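So the structure is just underneath, and the comments pick up after that.
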Amino acid sequence: MREQIMNHTLSTVQIKPASRVPEFLRKKKRWNEILIQGFLFFCGFVSILTTIGIVFELGKESLLFFANPDVSLLEFFTNTRWQPSIGEFGILPLATSTLLTTLIAMIVALPVGLSAAIFLSEYASSKARSVLKPILEILAGVPTVVYGYFALTFMTPVLRGIFGEQNVEIYNTLSAGLVMGIMILPLVSSMSEDALTAVPRSLREAAYGLGSTRLETAVQIVVPAALSGIIAAFIIAISRAIGETMIVAIAAGSGSNFTFNPFKAAETMTGYIARISGGDVGYDTPDYNSIFAIGLVLFLVTLGLNILSRRLSAKYREVYE
Amino acid sequence: MIDHQTQTKPPIISAEDLCIFYGNFRAVKNVDMKIVPNQITAIIGPSGCGKSTVLRSFNRMNDFIPNCHVTGKITFHGHNIYDEDVDPVQVRQKIGMVFQKPNPFPKSIFDNVAWGLKINGMKGDLSEPVEQALKQAALWDEVKDHLKKSGLSLSGGQQQRLCIARALAVKPDIILMDEPCSALDPIATLKIEDLMRELSKDYTIIIVTHNMQQAARASDYTAFFTMDSDRAGVMVEYGETSHIFTNPQDKRTEDYITGRYG
C-alpha cells in the first residue's frame, strides 16, 4: 500500500483524486461491522430458509400422497369419511372438528379477551393492572399439555355433570374448545390491550370533553380507533386455535367423526397428525403420507389468515401524527 | 385589580381559593378568578406556571390524571363543580374543550360532529344540528361536499375548526381552549381568532395561550400567571386585556409582557 503511494508520488503519472484524501479522512474497512452485518443478515435469512424448507418438505410428501391411485384431490376435499385403513381419504371430518373446536375457543377467547383488554386499558387502576397482568401472563405460560389434561379431567366431568353423562362423551370437542379458548385468552387480551393503549390520550380527552362517559369513550372511540390491532389479535388467535395440537389430541378424541355435535368425540387435523406421527404407522404408507397433505392444508389456511390479517389491519389503520 | 365591568355582570364561572396538587406537589395555589360571560378570557404566562392545569380544572379534565386533586371551589351555576354529588360527565357537557393539537376522532367529518349529539341522547336526523355547528365553526363551506370523508383527511387548521364544531354541537355554555393555535400556521391561527370573536357572542371562551400577541389581539380579559418561588403557579394579575397590556400593575407582569422574562 505504502509502496504504491510512494510510486505514485514519485512518478509523474496522473494521480487518482481518491488517493489525495488525507489519511484521517480515507475510507476504512471496518471488518467488525461487515462481520456483524453479515451475521445479522444470516439470522434474518434463516427464517426464510426454514419456511422454504417446510414448504418443500410438505409439498414433496403431499405429492407422494396424492400420487397414490387410491387418492384423488376431489375426493380429498369432498369425501366425508376419513378412514385410511379402508382407503377413505376425505379431509372434511377432520376439518369440521378443527372448525368446531376453533369456533368454540373463539366464542370464549375473543369476547372475554377483548373485555379484559378494555378493562385493563380503560378502567383498571395501576394497582389492579399490576395484579391482573401477571396472572394473565401465567395463564399464557402454562404448557398446553397441562391444559389438555385440565380439559379431560376437569372440564369434561363438569360438562358431563351439566349436560348429562348420556349426552356428553368422555372425549368431546366442547371441552377441548372451551379450554383452548382459556389458553388463547391471554394472547387476545394482551395484543388487544397493546392496541388500545396505543390510542393517543388526546382522543379520549376529546371524547370526555364532549360529556361522554367512560363506557361510551371506551366502546365508541377507543375500540374503533384500535380496530386494526384488535382484528390482527383476533386473526392470530384463530390461527393459534387452528394449529393447537396438544389439547385436542388429549381431550377431543381420536378417530375421525363427521359431526357438528360438540358433545361427541371427533379428531381434528392436528390431532390426527400428532397421533399418526407418534404412532406405529409404517413409513411411506398412504396413512403416513396423508399427514403431510393435512399439514399442507393447515399451513395454507394459517398463511391465508395471516395475509388476511395484514390486509385488514392495513385497511383499518388510522393515521395519527 | 378586577375592574368595574367584571363586578357588574355576574360571573358565569369562578374559581375561589383554587389550589391544584399533583400528589404532594402544589402545582397551582390560591387562584381567585371570576370569568365574565360572553367574553374571551386569556390566560398567559411562562411555561410551567400552571395555565393548562387551571384551565383543565374548569371542566374536571384533571380527574383523569392520577394523584391530581383540587382544593377550593369552582362555582358554576351557583354550585361547586367539585362537590360530591356533581357528575363530571354533566359538567363537561356544559363546559366543552378544544385541545392543543387538533384531535378529531378517526371517523367521518359528519360523525365527528354528530357523535357528541348522539351520546347526549339526540336521535333521528342529525344533519341539521351538524350543519349548524359546522357553519358556526366557519368550516361548512369547505367540507359540505365531503362530509363522509375522514376528519383526519383535513388540514391542521380545518381539523382544529372541526374540533371546535364538535365542541359547539353539544351546546356548551363555556368553551375552554388549551393553546388551540400552537400547532397551526399564522393564517389558520387568524381564522381561529376571528372565529373566537364571532363565537363570543353566544359562548364564553377561556383560552390558554403562550402567544402574547394572540392574547392582546383576541381577548377581552387577560390573566397573567407565573411560577412562585415554591414552583407553584400563581395568578399575578387579572383584568381587562387593554389594561394589562398598557398599564400592568405588577412588576412581574410588566417584565413578561415587555419580553424581559419568559
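Each chain in the C-alpha cells gets a letter, A, B, ..., in the order shown, and its residues are numbered from 1; ligands are numbered from 1 in order too.
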How close does each residue of chain A get to chain B, giving the shortest atom pair and distance in Å to one decimal for every residue with an atom at most 12 Å away, counting only C-alpha atoms, sorted by chain and residue number, as a Markdown table?
| residue | atom | partner | partner_atom | distance |
| --- | --- | --- | --- | --- |
| A:Glu122 | CA | B:Phe64 | CA | 10.7 |
| A:Tyr123 | CA | B:Phe64 | CA | 10.8 |
| A:Ala124 | CA | B:Pro66 | CA | 11.8 |
| A:Ser125 | CA | B:Pro66 | CA | 8.9 |
| A:Ser126 | CA | B:Pro66 | CA | 9.3 |
| A:Lys127 | CA | B:Pro66 | CA | 11.6 |
| A:Val199 | CA | B:Pro106 | CA | 10.6 |
| A:Pro200 | CA | B:Asn103 | CA | 9.2 |
| A:Arg201 | CA | B:Asn103 | CA | 9.7 |
| A:Ser202 | CA | B:Asn103 | CA | 6.4 |
| A:Leu203 | CA | B:Asn103 | CA | 6.0 |
| A:Arg204 | CA | B:Phe105 | CA | 9.2 |
| A:Glu205 | CA | B:Met61 | CA | 7.6 |
| A:Ala206 | CA | B:Asn103 | CA | 6.9 |
| A:Ala207 | CA | B:Gly116 | CA | 7.9 |
| A:Tyr208 | CA | B:Arg92 | CA | 7.1 |
| A:Gly209 | CA | B:Arg92 | CA | 5.4 |
| A:Leu210 | CA | B:Gln93 | CA | 5.5 |
| A:Gly211 | CA | B:Gln93 | CA | 4.2 |
| A:Ser212 | CA | B:Val89 | CA | 6.2 |
| A:Thr213 | CA | B:Val89 | CA | 6.2 |
| A:Arg214 | CA | B:Val89 | CA | 9.1 |
| A:Leu215 | CA | B:Ile119 | CA | 10.7 |
| A:Glu216 | CA | B:Ile119 | CA | 7.4 |
| A:Thr217 | CA | B:Ile119 | CA | 9.6 |
| A:Val219 | CA | B:Ile119 | CA | 11.7 |
| A:Gln220 | CA | B:Trp115 | CA | 9.1 |
| A:Ile221 | CA | B:Phe105 | CA | 7.2 |
| A:Val222 | CA | B:Phe105 | CA | 9.3 |
| A:Val223 | CA | B:Pro106 | CA | 10.9 |
| A:Pro224 | CA | B:Pro106 | CA | 8.0 |
| A:Ala225 | CA | B:Pro106 | CA | 6.3 |
| A:Ala226 | CA | B:Pro106 | CA | 9.9 |
| A:Leu227 | CA | B:Pro106 | CA | 10.7 |
| A:Tyr316 | CA | B:Pro106 | CA | 10.0 |
| A:Arg317 | CA | B:Pro106 | CA | 9.6 |
| A:Glu318 | CA | B:Pro106 | CA | 6.5 |
| A:Val319 | CA | B:Leu152 | CA | 7.6 |
| A:Tyr320 | CA | B:Leu152 | CA | 8.3 |
| A:Glu321 | CA | B:Asn103 | CA | 9.8 |
Alpha helix (DSSP H) per DSSP on the backbone: members of segment 87-142 of chain B, as a PDB file with N, CA and C atoms, in the first residue's frame:
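Output (selection.pdb):
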ATOM      1  N   PRO B  88     -69.232  14.727  36.885  1.00  0.00           N
ATOM      2  CA  PRO B  88     -68.277  15.395  35.984  1.00  0.00           C
ATOM      3  C   PRO B  88     -68.660  15.258  34.512  1.00  0.00           C
ATOM      4  N   VAL B  89     -69.375  14.168  34.184  1.00  0.00           N
ATOM      5  CA  VAL B  89     -69.806  13.997  32.788  1.00  0.00           C
ATOM      6  C   VAL B  89     -70.737  15.140  32.387  1.00  0.00           C
ATOM      7  N   GLN B  90     -71.649  15.506  33.309  1.00  0.00           N
ATOM      8  CA  GLN B  90     -72.576  16.619  33.021  1.00  0.00           C
ATOM      9  C   GLN B  90     -71.824  17.950  32.944  1.00  0.00           C
ATOM     10  N   VAL B  91     -70.832  18.088  33.814  1.00  0.00           N
ATOM     11  CA  VAL B  91     -70.037  19.329  33.805  1.00  0.00           C
ATOM     12  C   VAL B  91     -69.398  19.514  32.431  1.00  0.00           C
ATOM     13  N   ARG B  92     -68.825  18.427  31.916  1.00  0.00           N
ATOM     14  CA  ARG B  92     -68.107  18.541  30.643  1.00  0.00           C
ATOM     15  C   ARG B  92     -69.049  18.751  29.466  1.00  0.00           C
ATOM     16  N   GLN B  93     -70.320  18.359  29.645  1.00  0.00           N
ATOM     17  CA  GLN B  93     -71.285  18.668  28.586  1.00  0.00           C
ATOM     18  C   GLN B  93     -71.512  20.172  28.476  1.00  0.00           C
ATOM     19  N   LYS B  94     -71.464  20.823  29.613  1.00  0.00           N
ATOM     20  CA  LYS B  94     -71.734  22.262  29.642  1.00  0.00           C
ATOM     21  C   LYS B  94     -70.468  23.089  29.429  1.00  0.00           C
ATOM     22  N   ILE B 109     -66.174  13.300   8.886  1.00  0.00           N
ATOM     23  CA  ILE B 109     -66.387  14.674   9.347  1.00  0.00           C
ATOM     24  C   ILE B 109     -67.753  14.790  10.009  1.00  0.00           C
ATOM     25  N   PHE B 110     -68.751  14.204   9.341  1.00  0.00           N
ATOM     26  CA  PHE B 110     -70.115  14.259   9.881  1.00  0.00           C
ATOM     27  C   PHE B 110     -70.183  13.605  11.259  1.00  0.00           C
ATOM     28  N   ASP B 111     -69.620  12.392  11.349  1.00  0.00           N
ATOM     29  CA  ASP B 111     -69.711  11.659  12.615  1.00  0.00           C
ATOM     30  C   ASP B 111     -68.919  12.321  13.734  1.00  0.00           C
ATOM     31  N   ASN B 112     -67.845  13.007  13.363  1.00  0.00           N
ATOM     32  CA  ASN B 112     -67.099  13.741  14.381  1.00  0.00           C
ATOM     33  C   ASN B 112     -67.999  14.723  15.121  1.00  0.00           C
ATOM     34  N   VAL B 113     -68.829  15.418  14.351  1.00  0.00           N
ATOM     35  CA  VAL B 113     -69.705  16.412  14.966  1.00  0.00           C
ATOM     36  C   VAL B 113     -70.928  15.740  15.589  1.00  0.00           C
ATOM     37  N   ALA B 114     -71.414  14.687  14.902  1.00  0.00           N
ATOM     38  CA  ALA B 114     -72.668  14.075  15.363  1.00  0.00           C
ATOM     39  C   ALA B 114     -72.482  13.228  16.616  1.00  0.00           C
ATOM     40  N   TRP B 115     -71.249  12.780  16.862  1.00  0.00           N
ATOM     41  CA  TRP B 115     -71.043  11.838  17.966  1.00  0.00           C
ATOM     42  C   TRP B 115     -71.445  12.432  19.312  1.00  0.00           C
ATOM     43  N   GLY B 116     -71.029  13.663  19.527  1.00  0.00           N
ATOM     44  CA  GLY B 116     -71.370  14.316  20.794  1.00  0.00           C
ATOM     45  C   GLY B 116     -72.877  14.430  20.980  1.00  0.00           C
ATOM     46  N   LEU B 117     -73.586  14.662  19.864  1.00  0.00           N
ATOM     47  CA  LEU B 117     -75.041  14.752  19.941  1.00  0.00           C
ATOM     48  C   LEU B 117     -75.639  13.403  20.298  1.00  0.00           C
ATOM     49  N   LYS B 118     -75.099  12.355  19.664  1.00  0.00           N
ATOM     50  CA  LYS B 118     -75.636  11.008  19.905  1.00  0.00           C
ATOM     51  C   LYS B 118     -75.458  10.607  21.364  1.00  0.00           C
ATOM     52  N   ILE B 119     -74.249  10.813  21.898  1.00  0.00           N
ATOM     53  CA  ILE B 119     -74.043  10.363  23.282  1.00  0.00           C
ATOM     54  C   ILE B 119     -74.850  11.205  24.257  1.00  0.00           C
ATOM     55  N   SER B 127     -78.533  15.823  10.623  1.00  0.00           N
ATOM     56  CA  SER B 127     -77.832  16.637   9.629  1.00  0.00           C
ATOM     57  C   SER B 127     -78.012  18.137   9.887  1.00  0.00           C
ATOM     58  N   GLU B 128     -79.178  18.490  10.438  1.00  0.00           N
ATOM     59  CA  GLU B 128     -79.412  19.915  10.730  1.00  0.00           C
ATOM     60  C   GLU B 128     -78.447  20.466  11.794  1.00  0.00           C
ATOM     61  N   PRO B 129     -78.447  19.860  12.989  1.00  0.00           N
ATOM     62  CA  PRO B 129     -77.517  20.378  14.001  1.00  0.00           C
ATOM     63  C   PRO B 129     -76.048  20.262  13.592  1.00  0.00           C
ATOM     64  N   VAL B 130     -75.711  19.233  12.830  1.00  0.00           N
ATOM     65  CA  VAL B 130     -74.314  19.098  12.392  1.00  0.00           C
ATOM     66  C   VAL B 130     -73.959  20.245  11.462  1.00  0.00           C
ATOM     67  N   GLU B 131     -74.867  20.533  10.538  1.00  0.00           N
ATOM     68  CA  GLU B 131     -74.620  21.629   9.606  1.00  0.00           C
ATOM     69  C   GLU B 131     -74.471  22.952  10.357  1.00  0.00           C
ATOM     70  N   GLN B 132     -75.338  23.140  11.323  1.00  0.00           N
ATOM     71  CA  GLN B 132     -75.305  24.374  12.095  1.00  0.00           C
ATOM     72  C   GLN B 132     -73.967  24.543  12.826  1.00  0.00           C
ATOM     73  N   ALA B 133     -73.523  23.445  13.437  1.00  0.00           N
ATOM     74  CA  ALA B 133     -72.256  23.512  14.185  1.00  0.00           C
ATOM     75  C   ALA B 133     -71.087  23.784  13.244  1.00  0.00           C
ATOM     76  N   LEU B 134     -71.111  23.133  12.074  1.00  0.00           N
ATOM     77  CA  LEU B 134     -70.023  23.349  11.123  1.00  0.00           C
ATOM     78  C   LEU B 134     -70.038  24.776  10.593  1.00  0.00           C
ATOM     79  N   LYS B 135     -71.250  25.327  10.427  1.00  0.00           N
ATOM     80  CA  LYS B 135     -71.349  26.728   9.977  1.00  0.00           C
ATOM     81  C   LYS B 135     -70.807  27.659  11.047  1.00  0.00           C
ATOM     82  N   GLN B 136     -71.191  27.387  12.307  1.00  0.00           N
ATOM     83  CA  GLN B 136     -70.700  28.222  13.406  1.00  0.00           C
ATOM     84  C   GLN B 136     -69.180  28.207  13.483  1.00  0.00           C
ATOM     85  N   TRP B 140     -68.193  24.916   7.270  1.00  0.00           N
ATOM     86  CA  TRP B 140     -69.226  24.302   6.432  1.00  0.00           C
ATOM     87  C   TRP B 140     -68.896  24.392   4.947  1.00  0.00           C
ATOM     88  N   ASP B 141     -68.549  25.595   4.486  1.00  0.00           N
ATOM     89  CA  ASP B 141     -68.331  25.766   3.049  1.00  0.00           C
ATOM     90  C   ASP B 141     -67.190  24.894   2.530  1.00  0.00           C
ATOM     91  N   GLU B 142     -66.225  24.618   3.402  1.00  0.00           N
ATOM     92  CA  GLU B 142     -65.074  23.836   2.950  1.00  0.00           C
ATOM     93  C   GLU B 142     -65.346  22.339   2.951  1.00  0.00           C
TER      94      GLU B 142
END
Nearby residues (only C-alpha atoms) at most 10 Å from Leu99 of chain A, same-chain spacing under 6 positions excluded, as a PyMOL selection string: chain A and resi 93+105+177+238+241-242+260+268-269
Keeping only N, CA and C atoms, write the selected residues to a file as a short mmCIF file (atom, residue, chain, number, x, y, z; two decimals), in the first residue's frame.
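Writing the result to selection-v3.cif gives the following:
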data_model
loop_
_atom_site.label_atom_id
_atom_site.label_comp_id
_atom_site.auth_asym_id
_atom_site.auth_seq_id
_atom_site.Cartn_x
_atom_site.Cartn_y
_atom_site.Cartn_z
N PRO A 93 -64.20 -34.56 7.68
CA PRO A 93 -64.46 -34.76 9.12
C PRO A 93 -63.38 -34.17 10.01
N ALA A 105 -63.51 -22.19 20.85
CA ALA A 105 -62.42 -21.47 21.51
C ALA A 105 -62.56 -19.96 21.30
N GLY A 177 -62.48 -27.32 23.10
CA GLY A 177 -62.63 -25.96 22.58
C GLY A 177 -62.65 -24.92 23.69
N ILE A 238 -57.16 -16.96 15.99
CA ILE A 238 -57.78 -18.02 15.19
C ILE A 238 -56.70 -18.97 14.65
N ALA A 241 -55.60 -21.22 17.32
CA ALA A 241 -56.57 -22.25 17.66
C ALA A 241 -56.57 -23.37 16.63
N ILE A 242 -56.45 -22.97 15.36
CA ILE A 242 -56.44 -24.00 14.31
C ILE A 242 -55.23 -24.90 14.45
N PHE A 260 -71.17 -32.05 13.76
CA PHE A 260 -71.09 -30.71 14.33
C PHE A 260 -71.59 -30.71 15.77
N THR A 268 -59.34 -33.82 15.30
CA THR A 268 -59.05 -32.66 14.45
C THR A 268 -57.86 -32.97 13.55
N MET A 269 -57.58 -32.05 12.64
CA MET A 269 -56.45 -32.24 11.71
C MET A 269 -55.16 -32.38 12.49
#
statement: Pairwise distance, atom CA of Glu61 of chain A with atom CA of Ile307 of chain A, equals 24.8 Å
query: Neighbours of Ser108 of chain B within 7 Å (only C-alpha atoms; same-chain residues fewer than 6 positions away dropped), as JSON, numbers by chain?
result: {"B": [147, 148, 149, 150, 151]}
Take the residues from that selection and write them out as an mmCIF file, in the first residue's frame, keeping N, CA and C atoms.
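Resulting contents of out_2.cif:
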data_model
loop_
_atom_site.group_PDB
_atom_site.id
_atom_site.type_symbol
_atom_site.label_atom_id
_atom_site.label_comp_id
_atom_site.auth_asym_id
_atom_site.auth_seq_id
_atom_site.Cartn_x
_atom_site.Cartn_y
_atom_site.Cartn_z
ATOM 1 N N LEU B 147 -68.734 15.352 3.494
ATOM 2 C CA LEU B 147 -68.939 15.104 4.921
ATOM 3 C C LEU B 147 -68.593 13.672 5.311
ATOM 4 N N LYS B 148 -68.555 12.779 4.312
ATOM 5 C CA LYS B 148 -68.279 11.369 4.618
ATOM 6 C C LYS B 148 -66.791 11.087 4.708
ATOM 7 N N LYS B 149 -65.978 12.055 4.273
ATOM 8 C CA LYS B 149 -64.526 11.833 4.341
ATOM 9 C C LYS B 149 -64.053 11.854 5.787
ATOM 10 N N SER B 150 -62.945 11.187 6.026
ATOM 11 C CA SER B 150 -62.420 11.116 7.393
ATOM 12 C C SER B 150 -62.021 12.504 7.894
ATOM 13 N N GLY B 151 -62.295 12.748 9.160
ATOM 14 C CA GLY B 151 -61.896 14.006 9.770
ATOM 15 C C GLY B 151 -60.392 14.204 9.724
#
message: For a test of reading the model, state the distance in Å between atom CA of Val36 of chain B and atom CA of Phe245 of chain B, rounded to one decimal.
response: 18.5 Å
task: Pick out the residues sitting within 12 Å of Pro248 of chain B, and hand them over as a PyMOL selection string; count only C-alpha atoms, and ignore anything fewer than 2 positions along from it in its own chain.
output: chain B and resi 1+222-224+236-246+250-258
query: Could you name the residues that touch segment 16-24 of chain B at 8 Å or less, counting only C-alpha atoms, but leaving out those on the same chain fewer than 5 positions away, as a list in words?
result: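 Those residues are Lys29, Asn30, Val31, Asp32, Met33, Thr53, Val54, Asn67, Cys68, His69, Val70, Thr71, Gly72, Lys73, Ile74 and Thr75 of chain B.
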Written file, previous selection with N, CA and C atoms, as a tab-separated table (two decimals), in the first residue's frame:
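Output saved as again_35.tsv:
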chain	number	residue	atom	x	y	z
B	29	LYS	N	-51.60	27.59	43.19
B	29	LYS	CA	-52.11	27.95	44.52
B	29	LYS	C	-52.96	29.22	44.50
B	30	ASN	N	-54.01	29.16	45.29
B	30	ASN	CA	-54.82	30.31	45.66
B	30	ASN	C	-55.26	31.16	44.48
B	31	VAL	N	-55.89	30.54	43.52
B	31	VAL	CA	-56.37	31.30	42.37
B	31	VAL	C	-57.80	31.77	42.64
B	32	ASP	N	-58.01	33.06	42.48
B	32	ASP	CA	-59.36	33.62	42.53
B	32	ASP	C	-59.61	34.30	41.20
B	33	MET	N	-60.67	33.86	40.54
B	33	MET	CA	-60.85	34.32	39.17
B	33	MET	C	-62.32	34.27	38.83
B	53	THR	N	-53.19	23.57	33.63
B	53	THR	CA	-53.75	22.87	34.79
B	53	THR	C	-54.99	23.60	35.30
B	54	VAL	N	-54.91	24.93	35.38
B	54	VAL	CA	-56.06	25.70	35.83
B	54	VAL	C	-57.21	25.54	34.84
B	67	ASN	N	-53.58	10.94	41.01
B	67	ASN	CA	-52.97	11.73	42.10
B	67	ASN	C	-53.24	13.22	42.01
B	68	CYS	N	-54.03	13.64	41.02
B	68	CYS	CA	-54.31	15.07	40.94
B	68	CYS	C	-55.54	15.37	41.79
B	69	HIS	N	-55.44	16.34	42.68
B	69	HIS	CA	-56.64	16.74	43.40
B	69	HIS	C	-56.67	18.25	43.62
B	70	VAL	N	-57.86	18.70	43.94
B	70	VAL	CA	-58.15	20.12	43.92
B	70	VAL	C	-58.71	20.54	45.27
B	71	THR	N	-58.28	21.67	45.78
B	71	THR	CA	-58.96	22.26	46.93
B	71	THR	C	-59.48	23.64	46.53
B	72	GLY	N	-60.37	24.17	47.33
B	72	GLY	CA	-61.02	25.42	46.94
B	72	GLY	C	-62.26	25.11	46.13
B	73	LYS	N	-62.76	26.11	45.45
B	73	LYS	CA	-64.05	25.93	44.78
B	73	LYS	C	-63.98	26.41	43.34
B	74	ILE	N	-64.74	25.74	42.49
B	74	ILE	CA	-65.04	26.33	41.18
B	74	ILE	C	-66.55	26.37	41.08
B	75	THR	N	-67.09	27.55	41.07
B	75	THR	CA	-68.53	27.70	41.12
B	75	THR	C	-69.09	27.94	39.73
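Of the residues in segment 113-238 of chain B, those given strand (DSSP E or B) by DSSP on the backbone are Ser150, Ile174, Ile175, Leu176, Met177, Asp178, Thr204, Ile205, Ile206, Ile207, Val208, Tyr221, Thr222, Ala223, Phe224, Phe225, Thr226, Met227, Gly233, Val234, Met235, Val236, Glu237 and Tyr238 of chain B.
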Given the selection you just returned, output its residues as a file containing C-alpha atoms, formatted as a compact mmCIF listing (two decimals), in the first residue's frame.
# COMPACT_ATOMS: atom_id res chain seq x y z
CA SER B 150 -62.42 11.12 7.39
CA ILE B 174 -68.26 27.71 28.09
CA ILE B 175 -65.52 26.61 25.72
CA LEU B 176 -62.06 26.02 27.14
CA MET B 177 -59.25 26.32 24.62
CA ASP B 178 -55.85 24.98 25.54
CA THR B 204 -67.90 32.25 26.96
CA ILE B 205 -64.37 31.40 25.96
CA ILE B 206 -61.36 30.82 28.16
CA ILE B 207 -58.15 30.40 26.23
CA VAL B 208 -54.68 29.46 27.37
CA TYR B 221 -59.72 39.85 29.69
CA THR B 222 -56.28 38.59 30.50
CA ALA B 223 -54.98 36.71 33.49
CA PHE B 224 -51.24 36.58 33.96
CA PHE B 225 -49.83 33.57 35.77
CA THR B 226 -46.30 32.93 36.85
CA MET B 227 -44.34 30.49 38.93
CA GLY B 233 -48.31 28.60 39.77
CA VAL B 234 -49.92 31.81 40.96
CA MET B 235 -52.16 34.36 39.33
CA VAL B 236 -50.35 37.68 39.40
CA GLU B 237 -52.79 39.95 37.69
CA TYR B 238 -56.19 39.73 36.08
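Nearest to Leu300 of chain A of all the residues A:Val142, A:Ile54, A:Ala195, A:Leu120 is A:Ile54, counting only C-alpha atoms.
Shell of segment 272-289 of chain A at 7 Å, with only C-alpha atoms counted and residues fewer than 2 places along the chain excluded, is Glu61, Ser62, Leu64, Phe65, Pro84, Glu267, Thr268, Met269, Thr270, Ile291, Phe292 and Ala293 of chain A.
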With C-alpha atoms retained, could you export that selection as a CSV table (one decimal), in the first residue's frame?
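again_11.csv, written as the output of this step:
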chain,number,residue,atom,x,y,z
A,61,GLU,CA,-44.6,-35.7,0.8
A,62,SER,CA,-48.1,-34.4,-0.2
A,64,LEU,CA,-46.4,-38.7,-2.8
A,65,PHE,CA,-49.8,-38.9,-1.1
A,84,PRO,CA,-57.1,-44.5,5.7
A,267,GLU,CA,-60.4,-35.9,15.8
A,268,THR,CA,-59.1,-32.7,14.5
A,269,MET,CA,-56.5,-32.2,11.7
A,270,THR,CA,-53.7,-31.5,14.2
A,291,ILE,CA,-50.3,-36.2,7.5
A,292,PHE,CA,-48.2,-34.1,5.2
A,293,ALA,CA,-51.1,-33.4,3.0
